[in-house]
file model07.pdb (PDB, C-alpha atoms, pLDDT in the B column)
ATOM      1  CA  MET A   1      95.185  81.754 -64.216  1.00 48.00           C
ATOM      2  CA  SER A   2      94.890  83.280 -67.670  1.00 75.00           C
ATOM      3  CA  GLU A   3      97.915  83.525 -69.916  1.00 93.00           C
ATOM      4  CA  ILE A   4      99.483  87.010 -69.948  1.00 97.00           C
ATOM      5  CA  HIS A   5     100.827  88.605 -73.127  1.00 98.00           C
ATOM      6  CA  LYS A   6     103.421  91.373 -73.094  1.00 98.00           C
ATOM      7  CA  GLY A   7     103.518  94.150 -75.669  1.00 98.00           C
ATOM      8  CA  ALA A   8     105.723  97.116 -76.483  1.00 98.00           C
ATOM      9  CA  CYS A   9     106.107  99.880 -79.005  1.00 98.00           C
ATOM     10  CA  HIS A  10     108.922  99.513 -81.548  1.00 98.00           C
ATOM     11  CA  CYS A  11     111.584 101.241 -79.436  1.00 98.00           C
ATOM     12  CA  GLY A  12     110.452  99.589 -76.196  1.00 98.00           C
ATOM     13  CA  ALA A  13     109.767 102.806 -74.289  1.00 98.00           C
ATOM     14  CA  VAL A  14     106.068 101.947 -73.768  1.00 98.00           C
ATOM     15  CA  THR A  15     105.210  98.458 -72.514  1.00 98.00           C
ATOM     16  CA  PHE A  16     101.998  96.734 -71.468  1.00 98.00           C
ATOM     17  CA  GLU A  17     100.542  93.414 -70.478  1.00 98.00           C
ATOM     18  CA  ILE A  18      97.144  91.889 -71.099  1.00 98.00           C
ATOM     19  CA  SER A  19      95.330  88.694 -70.254  1.00 97.00           C
ATOM     20  CA  ALA A  20      94.857  86.432 -73.258  1.00 96.00           C
ATOM     21  CA  PRO A  21      91.913  87.867 -75.220  1.00 97.00           C
ATOM     22  CA  GLN A  22      89.356  85.623 -76.916  1.00 96.00           C
ATOM     23  CA  PHE A  23      89.485  87.844 -80.013  1.00 97.00           C
ATOM     24  CA  VAL A  24      90.762  91.166 -81.343  1.00 98.00           C
ATOM     25  CA  VAL A  25      88.746  93.906 -83.005  1.00 98.00           C
ATOM     26  CA  SER A  26      89.484  95.423 -86.395  1.00 98.00           C
ATOM     27  CA  CYS A  27      87.556  98.697 -86.681  1.00 97.00           C
ATOM     28  CA  ASN A  28      86.918 100.388 -90.031  1.00 97.00           C
ATOM     29  CA  CYS A  29      86.531 103.935 -88.704  1.00 95.00           C
ATOM     30  CA  SER A  30      88.664 106.600 -90.336  1.00 95.00           C
ATOM     31  CA  ILE A  31      91.413 106.543 -87.698  1.00 95.00           C
ATOM     32  CA  CYS A  32      91.604 102.820 -86.889  1.00 96.00           C
ATOM     33  CA  ARG A  33      91.900 101.985 -90.597  1.00 96.00           C
ATOM     34  CA  ARG A  34      94.889 104.285 -90.826  1.00 97.00           C
ATOM     35  CA  TYR A  35      96.487 102.974 -87.626  1.00 97.00           C
ATOM     36  CA  GLY A  36      96.045  99.340 -88.683  1.00 97.00           C
ATOM     37  CA  ALA A  37      95.485  98.417 -85.053  1.00 98.00           C
ATOM     38  CA  LEU A  38      93.926  95.237 -83.709  1.00 98.00           C
ATOM     39  CA  TRP A  39      92.286  96.139 -80.417  1.00 98.00           C
ATOM     40  CA  ALA A  40      91.827  94.000 -77.303  1.00 98.00           C
ATOM     41  CA  HIS A  41      89.358  95.718 -74.989  1.00 97.00           C
ATOM     42  CA  CYS A  42      89.703  95.975 -71.223  1.00 96.00           C
ATOM     43  CA  PRO A  43      87.283  94.839 -69.904  1.00 95.00           C
ATOM     44  CA  PRO A  44      86.591  92.025 -70.622  1.00 95.00           C
ATOM     45  CA  ASN A  45      90.357  91.475 -70.727  1.00 96.00           C
ATOM     46  CA  GLU A  46      92.638  92.645 -67.946  1.00 97.00           C
ATOM     47  CA  GLY A  47      95.456  94.896 -69.052  1.00 97.00           C
ATOM     48  CA  ALA A  48      97.770  97.655 -67.928  1.00 97.00           C
ATOM     49  CA  ILE A  49     100.458  99.988 -69.223  1.00 97.00           C
ATOM     50  CA  LEU A  50     103.620  98.889 -67.412  1.00 98.00           C
ATOM     51  CA  SER A  51     106.079 101.579 -68.450  1.00 98.00           C
ATOM     52  CA  GLY A  52     106.382 104.684 -70.565  1.00 98.00           C
ATOM     53  CA  LEU A  53     103.396 106.751 -69.448  1.00 97.00           C
ATOM     54  CA  ASP A  54     105.696 109.772 -69.533  1.00 97.00           C
ATOM     55  CA  ASN A  55     106.669 108.932 -73.134  1.00 98.00           C
ATOM     56  CA  LEU A  56     103.161 109.020 -74.611  1.00 98.00           C
ATOM     57  CA  THR A  57     101.593 111.480 -76.967  1.00 98.00           C
ATOM     58  CA  THR A  58      97.816 111.731 -77.279  1.00 97.00           C
ATOM     59  CA  TYR A  59      95.551 112.392 -80.232  1.00 97.00           C
ATOM     60  CA  SER A  60      91.844 113.095 -79.897  1.00 94.00           C
ATOM     61  CA  TRP A  61      89.409 114.410 -82.480  1.00 87.00           C
ATOM     62  CA  GLY A  62      85.719 114.988 -83.098  1.00 86.00           C
ATOM     63  CA  ASP A  63      83.631 114.418 -79.983  1.00 86.00           C
ATOM     64  CA  HIS A  64      86.727 113.649 -77.824  1.00 86.00           C
ATOM     65  CA  MET A  65      85.256 110.371 -76.616  1.00 88.00           C
ATOM     66  CA  ILE A  66      88.487 108.456 -77.326  1.00 92.00           C
ATOM     67  CA  ASP A  67      92.116 109.457 -76.874  1.00 95.00           C
ATOM     68  CA  PHE A  68      94.629 107.513 -78.950  1.00 97.00           C
ATOM     69  CA  HIS A  69      98.022 107.127 -77.285  1.00 98.00           C
ATOM     70  CA  GLY A  70     101.335 106.455 -78.966  1.00 98.00           C
ATOM     71  CA  CYS A  71     105.022 106.504 -78.224  1.00 98.00           C
ATOM     72  CA  LYS A  72     106.675 109.920 -78.632  1.00 98.00           C
ATOM     73  CA  THR A  73     109.902 108.265 -79.758  1.00 98.00           C
ATOM     74  CA  CYS A  74     108.924 105.672 -82.394  1.00 98.00           C
ATOM     75  CA  GLY A  75     105.332 106.753 -83.134  1.00 98.00           C
ATOM     76  CA  CYS A  76     103.624 103.390 -82.545  1.00 98.00           C
ATOM     77  CA  VAL A  77      99.988 103.591 -81.413  1.00 98.00           C
ATOM     78  CA  THR A  78      99.828 101.521 -78.233  1.00 98.00           C
ATOM     79  CA  HIS A  79      96.291 102.006 -76.921  1.00 98.00           C
ATOM     80  CA  TRP A  80      93.185 104.113 -76.692  1.00 97.00           C
ATOM     81  CA  ALA A  81      91.488 105.316 -73.538  1.00 94.00           C
ATOM     82  CA  PRO A  82      88.357 107.341 -72.824  1.00 89.00           C
ATOM     83  CA  GLY A  83      88.692 110.986 -73.748  1.00 86.00           C
ATOM     84  CA  LYS A  84      87.723 113.935 -71.590  1.00 81.00           C
ATOM     85  CA  ALA A  85      84.140 113.841 -72.909  1.00 76.00           C
ATOM     86  CA  ALA A  86      83.664 110.143 -72.106  1.00 77.00           C
ATOM     87  CA  ASP A  87      82.092 108.597 -69.043  1.00 76.00           C
ATOM     88  CA  GLN A  88      83.605 105.116 -69.038  1.00 80.00           C
ATOM     89  CA  ASP A  89      86.386 103.001 -67.559  1.00 85.00           C
ATOM     90  CA  ARG A  90      87.156 101.053 -70.707  1.00 91.00           C
ATOM     91  CA  PHE A  91      90.344 101.105 -72.781  1.00 95.00           C
ATOM     92  CA  ALA A  92      91.924  98.953 -75.486  1.00 97.00           C
ATOM     93  CA  LEU A  93      95.447  97.809 -76.192  1.00 98.00           C
ATOM     94  CA  ASN A  94      96.863  97.421 -79.689  1.00 98.00           C
ATOM     95  CA  MET A  95      97.692  93.727 -79.970  1.00 98.00           C
ATOM     96  CA  ARG A  96      99.908  94.444 -82.973  1.00 98.00           C
ATOM     97  CA  MET A  97     102.430  95.519 -80.319  1.00 98.00           C
ATOM     98  CA  THR A  98     102.672  91.869 -79.158  1.00 98.00           C
ATOM     99  CA  SER A  99     104.381  89.037 -81.033  1.00 97.00           C
ATOM    100  CA  PRO A 100     103.126  87.989 -84.476  1.00 97.00           C
ATOM    101  CA  ALA A 101     102.474  84.471 -83.138  1.00 97.00           C
ATOM    102  CA  VAL A 102     100.055  85.856 -80.534  1.00 96.00           C
ATOM    103  CA  VAL A 103      98.186  87.963 -83.091  1.00 96.00           C
ATOM    104  CA  ASP A 104      98.039  85.177 -85.691  1.00 97.00           C
ATOM    105  CA  ALA A 105      96.387  82.841 -83.156  1.00 96.00           C
ATOM    106  CA  LEU A 106      93.538  85.258 -82.346  1.00 97.00           C
ATOM    107  CA  PRO A 107      90.211  85.441 -84.182  1.00 97.00           C
ATOM    108  CA  VAL A 108      89.535  88.894 -85.670  1.00 97.00           C
ATOM    109  CA  ARG A 109      86.093  90.457 -85.249  1.00 97.00           C
ATOM    110  CA  HIS A 110      85.189  93.249 -87.660  1.00 97.00           C
ATOM    111  CA  PHE A 111      83.538  96.334 -86.190  1.00 96.00           C
ATOM    112  CA  ASP A 112      81.779  98.975 -88.297  1.00 96.00           C
ATOM    113  CA  GLY A 113      82.952 102.139 -86.558  1.00 94.00           C
ATOM    114  CA  ALA A 114      82.475 104.042 -89.830  1.00 94.00           C
ATOM    115  CA  ASP A 115      78.722 103.648 -90.008  1.00 94.00           C
ATOM    116  CA  SER A 116      76.523 101.315 -87.945  1.00 93.00           C
ATOM    117  CA  TRP A 117      78.585 100.911 -84.750  1.00 91.00           C
ATOM    118  CA  ALA A 118      77.889  97.168 -84.862  1.00 95.00           C
ATOM    119  CA  PHE A 119      79.975  94.061 -85.403  1.00 95.00           C
ATOM    120  CA  LEU A 120      79.853  93.109 -89.063  1.00 95.00           C
ATOM    121  CA  ASP A 121      80.303  89.428 -88.231  1.00 89.00           C
ATOM    122  CA  GLU A 122      77.188  89.047 -86.054  1.00 80.00           C
ATOM    123  CA  PRO A 123      75.178  85.977 -87.066  1.00 74.00           C
ATOM    124  CA  GLY A 124      72.311  86.881 -89.372  1.00 68.00           C
ATOM    125  CA  ARG A 125      73.735  90.331 -90.193  1.00 65.00           C
ATOM    126  CA  PRO A 126      73.595  91.090 -93.930  1.00 59.00           C
ATOM    127  CA  ARG A 127      76.977  91.766 -95.529  1.00 57.00           C
TER
END
call {"tool": "encode", "arguments": {"input": "model07.pdb", "output": "structure tokens"}}
result
Amino acid sequence: MSEIHKGACHCGAVTFEISAPQFVVSCNCSICRRYGALWAHCPPNEGAILSGLDNLTTYSWGDHMIDFHGCKTCGCVTHWAPGKAADQDRFALNMRMTSPAVVDALPVRHFDGADSWAFLDEPGRPR
């Protein structure tokens, strides 16, 4: 059985759990840079919002492919999920909502959401 990590927004109103990811993703798109999030995608990880669905606010922009969700009380961005224009089952949890020890132990992959929509750390990819 995979280790399970618990996460929560600052005030604790929104909580989640996720199986131990192999890595987190740092995206350089205009919104992720500002949020400072480190995303763990589901799948391949297994995760769920445990509490606080009624305490979420949603922000979506542009093509409405992704909805960013955050706590209405403390403002922490907890996850993203497919927007109304998306046709997918995928979502991602913000691992910065877990303990610093969990985050510090995870490799960070860098994703170019601002331009190429590719991982910048792929072997053989020019920097």
call {"tool": "resolve_selection", "arguments": {"input": "model07.pdb", "expression": "the PyMOL selection byres ((chain A and resi 83) around 10)", "output": "PyMOL selection string"}}
result
chain A and resi 58-61+63-68+80-82+84-88
call {"tool": "resolve_selection", "arguments": {"input": "model07.pdb", "expression": "the PyMOL selection byres ((chain A and resi 13) around 9)", "output": "ChimeraX atom specification"}}
result
/A:8-12,14-15,51-53,55,71-74
call {"tool": "write_last_selection", "arguments": {"input": "model07.pdb", "atoms": "C-alpha atoms", "output": "short mmCIF file (atom, residue, chain, number, x, y, z; two decimals), in the coordinates of the input"}}
result
data_model
loop_
_atom_site.label_atom_id
_atom_site.label_comp_id
_atom_site.auth_asym_id
_atom_site.auth_seq_id
_atom_site.Cartn_x
_atom_site.Cartn_y
_atom_site.Cartn_z
CA ALA A 8 105.72 97.12 -76.48
CA CYS A 9 106.11 99.88 -79.00
CA HIS A 10 108.92 99.51 -81.55
CA CYS A 11 111.58 101.24 -79.44
CA GLY A 12 110.45 99.59 -76.20
CA VAL A 14 106.07 101.95 -73.77
CA THR A 15 105.21 98.46 -72.51
CA SER A 51 106.08 101.58 -68.45
CA GLY A 52 106.38 104.68 -70.56
CA LEU A 53 103.40 106.75 -69.45
CA ASN A 55 106.67 108.93 -73.13
CA CYS A 71 105.02 106.50 -78.22
CA LYS A 72 106.68 109.92 -78.63
CA THR A 73 109.90 108.26 -79.76
CA CYS A 74 108.92 105.67 -82.39
#
call {"tool": "residues_around", "arguments": {"input": "model07.pdb", "residues": "region 98-111 of chain A", "least_positions_apart": "6", "cutoff": "7 Å", "atoms": "only C-alpha atoms", "output": "list of chain:residue names"}}
result
A:Lys6, A:Gly7, A:Ala8, A:Gln22, A:Phe23, A:Val24, A:Val25, A:Ser26, A:Cys27, A:Asn28, A:Trp117, A:Ala118, A:Phe119, A:Leu120, A:Asp121
call {"tool": "atom_distance", "arguments": {"input": "model07.pdb", "atom1": "CA of Glu3 (chain A)", "atom2": "CA of Gly47 (chain A)"}}
result
11.7 Å
call {"tool": "atom_distance", "arguments": {"input": "model07.pdb", "atom1": "CA of His5 (chain A)", "atom2": "CA of Asn45 (chain A)"}}
result
11.1 Å
call {"tool": "atom_distance", "arguments": {"input": "model07.pdb", "atom1": "CA of Gly62 (chain A)", "atom2": "CA of Leu93 (chain A)"}}
result
20.9 Å
call {"tool": "axis_aligned_box", "arguments": {"input": "model07.pdb", "around": "region 30-35 of chain A", "padding_each_side": "5 Å", "output": "JSON"}}
result
{"center_x": 92.6, "center_y": 104.3, "center_z": -88.9, "size_x": 17.8, "size_y": 14.6, "size_z": 13.9}
call {"tool": "closest_residue", "arguments": {"input": "model07.pdb", "among": "A:Cys76, A:Met97, A:Ala20, A:Ala92", "to": "Ala48 (chain A)", "atoms": "all atoms listed in the file"}}
result
A:Ala92
call {"tool": "residues_near_point", "arguments": {"input": "model07.pdb", "point": "(90.8, 94.1, -68.4)", "cutoff": "9 Å", "atoms": "all atoms listed in the file", "output": "ChimeraX atom specification"}}
result
/A:18-19,40-48,90-92
call {"tool": "closest_residue", "arguments": {"input": "model07.pdb", "among": "A:Ile31, A:Ala114, A:Ile49, A:Leu56", "to": "Phe16 (chain A)", "atoms": "all atoms listed in the file"}}
result
A:Ile49
call {"tool": "build_atoms", "arguments": {"input": "model07.pdb", "residues": "region 92-109 of chain A", "atoms": "N, CA, C and O atoms", "output": "PDB file, keeping the file's coordinate frame"}}
result
ATOM      1  N   ALA A  92      91.530 100.067 -74.629  1.00 97.00           N
ATOM      2  CA  ALA A  92      91.924  98.953 -75.486  1.00 97.00           C
ATOM      3  C   ALA A  92      93.400  99.049 -75.812  1.00 97.00           C
ATOM      4  O   ALA A  92      93.937 100.143 -76.018  1.00 97.00           O
ATOM      5  N   LEU A  93      94.034  97.896 -75.859  1.00 98.00           N
ATOM      6  CA  LEU A  93      95.447  97.809 -76.192  1.00 98.00           C
ATOM      7  C   LEU A  93      95.600  97.298 -77.621  1.00 98.00           C
ATOM      8  O   LEU A  93      94.823  96.458 -78.074  1.00 98.00           O
ATOM      9  N   ASN A  94      96.597  97.809 -78.310  1.00 98.00           N
ATOM     10  CA  ASN A  94      96.863  97.421 -79.689  1.00 98.00           C
ATOM     11  C   ASN A  94      97.679  96.130 -79.684  1.00 98.00           C
ATOM     12  O   ASN A  94      98.871  96.132 -79.407  1.00 98.00           O
ATOM     13  N   MET A  95      97.029  95.023 -80.016  1.00 98.00           N
ATOM     14  CA  MET A  95      97.692  93.727 -79.970  1.00 98.00           C
ATOM     15  C   MET A  95      98.767  93.584 -81.041  1.00 98.00           C
ATOM     16  O   MET A  95      99.583  92.673 -80.978  1.00 98.00           O
ATOM     17  N   ARG A  96      98.804  94.481 -82.003  1.00 98.00           N
ATOM     18  CA  ARG A  96      99.908  94.444 -82.973  1.00 98.00           C
ATOM     19  C   ARG A  96     101.245  94.776 -82.307  1.00 98.00           C
ATOM     20  O   ARG A  96     102.299  94.583 -82.908  1.00 98.00           O
ATOM     21  N   MET A  97     101.211  95.246 -81.069  1.00 98.00           N
ATOM     22  CA  MET A  97     102.430  95.519 -80.319  1.00 98.00           C
ATOM     23  C   MET A  97     102.943  94.266 -79.598  1.00 98.00           C
ATOM     24  O   MET A  97     103.966  94.301 -78.925  1.00 98.00           O
ATOM     25  N   THR A  98     102.213  93.142 -79.718  1.00 98.00           N
ATOM     26  CA  THR A  98     102.672  91.869 -79.158  1.00 98.00           C
ATOM     27  C   THR A  98     103.362  91.083 -80.276  1.00 98.00           C
ATOM     28  O   THR A  98     103.565  91.597 -81.371  1.00 98.00           O
ATOM     29  N   SER A  99     103.682  89.835 -80.012  1.00 97.00           N
ATOM     30  CA  SER A  99     104.381  89.037 -81.033  1.00 97.00           C
ATOM     31  C   SER A  99     103.435  88.616 -82.153  1.00 97.00           C
ATOM     32  O   SER A  99     102.233  88.434 -81.929  1.00 97.00           O
ATOM     33  N   PRO A 100     103.957  88.443 -83.364  1.00 97.00           N
ATOM     34  CA  PRO A 100     103.126  87.989 -84.476  1.00 97.00           C
ATOM     35  C   PRO A 100     102.435  86.652 -84.181  1.00 97.00           C
ATOM     36  O   PRO A 100     101.298  86.442 -84.607  1.00 97.00           O
ATOM     37  N   ALA A 101     103.076  85.768 -83.455  1.00 97.00           N
ATOM     38  CA  ALA A 101     102.474  84.471 -83.138  1.00 97.00           C
ATOM     39  C   ALA A 101     101.214  84.646 -82.294  1.00 97.00           C
ATOM     40  O   ALA A 101     100.221  83.936 -82.491  1.00 97.00           O
ATOM     41  N   VAL A 102     101.229  85.586 -81.367  1.00 96.00           N
ATOM     42  CA  VAL A 102     100.055  85.856 -80.534  1.00 96.00           C
ATOM     43  C   VAL A 102      98.914  86.379 -81.401  1.00 96.00           C
ATOM     44  O   VAL A 102      97.787  85.900 -81.338  1.00 96.00           O
ATOM     45  N   VAL A 103      99.207  87.357 -82.233  1.00 96.00           N
ATOM     46  CA  VAL A 103      98.186  87.963 -83.091  1.00 96.00           C
ATOM     47  C   VAL A 103      97.622  86.948 -84.078  1.00 96.00           C
ATOM     48  O   VAL A 103      96.408  86.860 -84.273  1.00 96.00           O
ATOM     49  N   ASP A 104      98.481  86.158 -84.690  1.00 97.00           N
ATOM     50  CA  ASP A 104      98.039  85.177 -85.691  1.00 97.00           C
ATOM     51  C   ASP A 104      97.104  84.121 -85.103  1.00 97.00           C
ATOM     52  O   ASP A 104      96.296  83.540 -85.823  1.00 97.00           O
ATOM     53  N   ALA A 105      97.210  83.863 -83.803  1.00 96.00           N
ATOM     54  CA  ALA A 105      96.387  82.841 -83.156  1.00 96.00           C
ATOM     55  C   ALA A 105      95.016  83.358 -82.728  1.00 96.00           C
ATOM     56  O   ALA A 105      94.168  82.575 -82.313  1.00 96.00           O
ATOM     57  N   LEU A 106      94.781  84.670 -82.835  1.00 97.00           N
ATOM     58  CA  LEU A 106      93.538  85.258 -82.346  1.00 97.00           C
ATOM     59  C   LEU A 106      92.517  85.469 -83.462  1.00 97.00           C
ATOM     60  O   LEU A 106      92.862  85.996 -84.527  1.00 97.00           O
ATOM     61  N   PRO A 107      91.262  85.102 -83.222  1.00 97.00           N
ATOM     62  CA  PRO A 107      90.211  85.441 -84.182  1.00 97.00           C
ATOM     63  C   PRO A 107      90.055  86.968 -84.264  1.00 97.00           C
ATOM     64  O   PRO A 107      90.222  87.662 -83.263  1.00 97.00           O
ATOM     65  N   VAL A 108      89.737  87.454 -85.457  1.00 97.00           N
ATOM     66  CA  VAL A 108      89.535  88.894 -85.670  1.00 97.00           C
ATOM     67  C   VAL A 108      88.051  89.145 -85.888  1.00 97.00           C
ATOM     68  O   VAL A 108      87.438  88.573 -86.780  1.00 97.00           O
ATOM     69  N   ARG A 109      87.479  90.014 -85.059  1.00 97.00           N
ATOM     70  CA  ARG A 109      86.093  90.457 -85.249  1.00 97.00           C
ATOM     71  C   ARG A 109      86.132  91.810 -85.945  1.00 97.00           C
ATOM     72  O   ARG A 109      86.976  92.651 -85.635  1.00 97.00           O
TER      73      ARG A 109
END
